[in-house]
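Comments concern the structure below.
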Amino acid sequence: LHTATAPPPRGGGGRAAPRRIKNVCLDYLSSLATQETRDLALSQLKAGGSMSDVVAATVALSGDETEARAEAMRHFYDAHAKGNDLLLCKWFTIQASSDVPGALQGADALLSHPDFSLTNPNKQRSVIGAFAANMRHFHAKDGSGYEWLADKVLTVDKINNQQAARLTSAFSTFRRYDEGRQAKMKAQLERLIATDGLSKDAYEVASRSLKGA
């Protein structure tokens, strides 16, 4: 299934369905985290048959903190992302949303990448927004993810008020979590509201999130 695809049906339709099945299988296999599955994903990545295959293989390796992951990220950047903002944002997002130890530090390091720009909304979302959607690491029990996001909201608010407001909305679901996480998210919302010079857009999102809390 990994190496073979059915011929495209008459009248169009192409190879999309077999490719999706193949890539779902690759994703499941990657959870085994064996050298064989790493080699399989790297082989697909470097074959570059389609961008769907390339992205799927990179994602499959993104949660495996090994040299294979580092190799995948280097290859994706050098062969596809460098000089292409759309794929560069995908490259940022794959890393910021990956489930690896030190994910927060990794996301923070991406902000210093020479191709990253905080003034570019798409790049901003591809790192900061993607990390805020990284369920395990954004919601780390110690609250470090929440503090990091609030720091970034305050920075972005000086550049783009609407983007800062969108990032602030990541805190709006705090009532869904356990008491400890609720308290830490609420503390960051209160910190934002108490910040002198916070834009009206970000203030409204934060205050509305806290309403009734």
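In the structure tokens, chains take letters A, B, ... by order of appearance, with residues numbered from 1 within each chain and ligands from 1 in the order shown.
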Quiz item: Contacts of region 177-187 of chain A at 8 Å or less, counting only C-alpha atoms, minus same-chain residues fewer than 2 places along, as a ChimeraX atom specification?
Solution: /A:139,141,143,146,171,173-175,189-191,210
Mind dumping the selected residues with N, CA, C and O atoms as a JSON list (two decimals), in the first residue's frame?
```json
[["chain", "number", "residue", "atom", "x", "y", "z"],
["A", 139, "HIS", "N", -1.08, 23.54, 27.01],
["A", 139, "HIS", "CA", -1.77, 23.32, 28.28],
["A", 139, "HIS", "C", -0.90, 22.59, 29.29],
["A", 139, "HIS", "O", -1.41, 21.86, 30.15],
["A", 141, "LYS", "N", 0.94, 21.64, 32.52],
["A", 141, "LYS", "CA", 0.38, 21.84, 33.86],
["A", 141, "LYS", "C", 1.00, 23.02, 34.60],
["A", 141, "LYS", "O", 0.35, 23.66, 35.42],
["A", 143, "GLY", "N", 1.71, 25.87, 33.45],
["A", 143, "GLY", "CA", 1.25, 27.16, 32.96],
["A", 143, "GLY", "C", 2.23, 27.90, 32.09],
["A", 143, "GLY", "O", 1.96, 29.04, 31.68],
["A", 146, "TYR", "N", 0.81, 29.14, 28.76],
["A", 146, "TYR", "CA", -0.09, 30.29, 28.90],
["A", 146, "TYR", "C", 0.70, 31.59, 29.07],
["A", 146, "TYR", "O", 0.37, 32.61, 28.46],
["A", 171, "PHE", "N", -7.37, 31.82, 25.05],
["A", 171, "PHE", "CA", -7.65, 31.70, 26.48],
["A", 171, "PHE", "C", -9.15, 31.60, 26.78],
["A", 171, "PHE", "O", -9.54, 31.34, 27.92],
["A", 173, "THR", "N", -11.45, 29.58, 26.23],
["A", 173, "THR", "CA", -12.05, 28.29, 26.58],
["A", 173, "THR", "C", -11.57, 27.77, 27.93],
["A", 173, "THR", "O", -11.70, 26.59, 28.23],
["A", 174, "PHE", "N", -11.05, 28.66, 28.77],
["A", 174, "PHE", "CA", -10.39, 28.20, 30.00],
["A", 174, "PHE", "C", -11.33, 27.41, 30.92],
["A", 174, "PHE", "O", -10.88, 26.55, 31.69],
["A", 175, "ARG", "N", -12.62, 27.65, 30.83],
["A", 175, "ARG", "CA", -13.56, 26.94, 31.71],
["A", 175, "ARG", "C", -13.66, 25.45, 31.39],
["A", 175, "ARG", "O", -14.19, 24.68, 32.20],
["A", 189, "LEU", "N", -5.24, 36.16, 31.53],
["A", 189, "LEU", "CA", -6.25, 37.09, 31.03],
["A", 189, "LEU", "C", -6.29, 38.35, 31.89],
["A", 189, "LEU", "O", -6.37, 39.47, 31.38],
["A", 190, "GLU", "N", -6.22, 38.15, 33.19],
["A", 190, "GLU", "CA", -6.22, 39.30, 34.11],
["A", 190, "GLU", "C", -4.96, 40.14, 33.93],
["A", 190, "GLU", "O", -5.00, 41.37, 34.02],
["A", 191, "ARG", "N", -3.85, 39.47, 33.67],
["A", 191, "ARG", "CA", -2.59, 40.18, 33.41],
["A", 191, "ARG", "C", -2.73, 41.05, 32.16],
["A", 191, "ARG", "O", -2.28, 42.21, 32.14],
["A", 210, "LEU", "N", -13.42, 36.64, 30.42],
["A", 210, "LEU", "CA", -13.48, 36.60, 31.88],
["A", 210, "LEU", "C", -14.88, 36.86, 32.42],
["A", 210, "LEU", "O", -15.13, 36.62, 33.62]]
```
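Distance-wise, CA of Ile21 (chain A) and CA of Ala133 (chain A) end up 25.2 Å apart.
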Quiz item: So which residues touch Ser207 (chain A) within 12 Å, counting only C-alpha atoms, skipping near sequence neighbours fewer than 2 positions away, as a PyMOL selection string?
Solution: chain A and resi 165+168-169+171-172+186+188-194+198-205+209-213
Self-check item: Spatial neighbours of Val153 (chain A), 7 Å, only C-alpha atoms, chain gap at least 3 places, as a PyMOL selection string
Solution: chain A and resi 149-150+156-157+164+167-168
Write a file of the selected residues as a short mmCIF file (atom, residue, chain, number, x, y, z; two decimals), in the first residue's frame, keeping C-alpha atoms.
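See selection-v1.cif below for the written result:
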```cif
data_model
loop_
_atom_site.label_atom_id
_atom_site.label_comp_id
_atom_site.auth_asym_id
_atom_site.auth_seq_id
_atom_site.Cartn_x
_atom_site.Cartn_y
_atom_site.Cartn_z
CA LEU A 149 1.28 33.17 24.79
CA ALA A 150 0.39 36.18 26.93
CA VAL A 156 2.00 41.47 18.81
CA ASP A 157 -0.47 44.01 20.20
CA ALA A 164 -3.32 40.12 19.14
CA LEU A 167 -4.30 35.13 19.81
CA THR A 168 -5.99 36.20 23.05
#
```
Exercise. For CA of Gln35 (chain A) and CA of Val59 (chain A), quote the distance in Å rounded to one decimal.
Key: 16.1 Å
Practice problem: Write out as a VMD selection string the residues lying within 12 Å of Asn134 (chain A), counting only C-alpha atoms and excluding same-chain residues fewer than 6 positions away. | Solution: chain A and resid 63 93 to 100 103 to 104 107 126 to 128 140 145 to 146 149 170
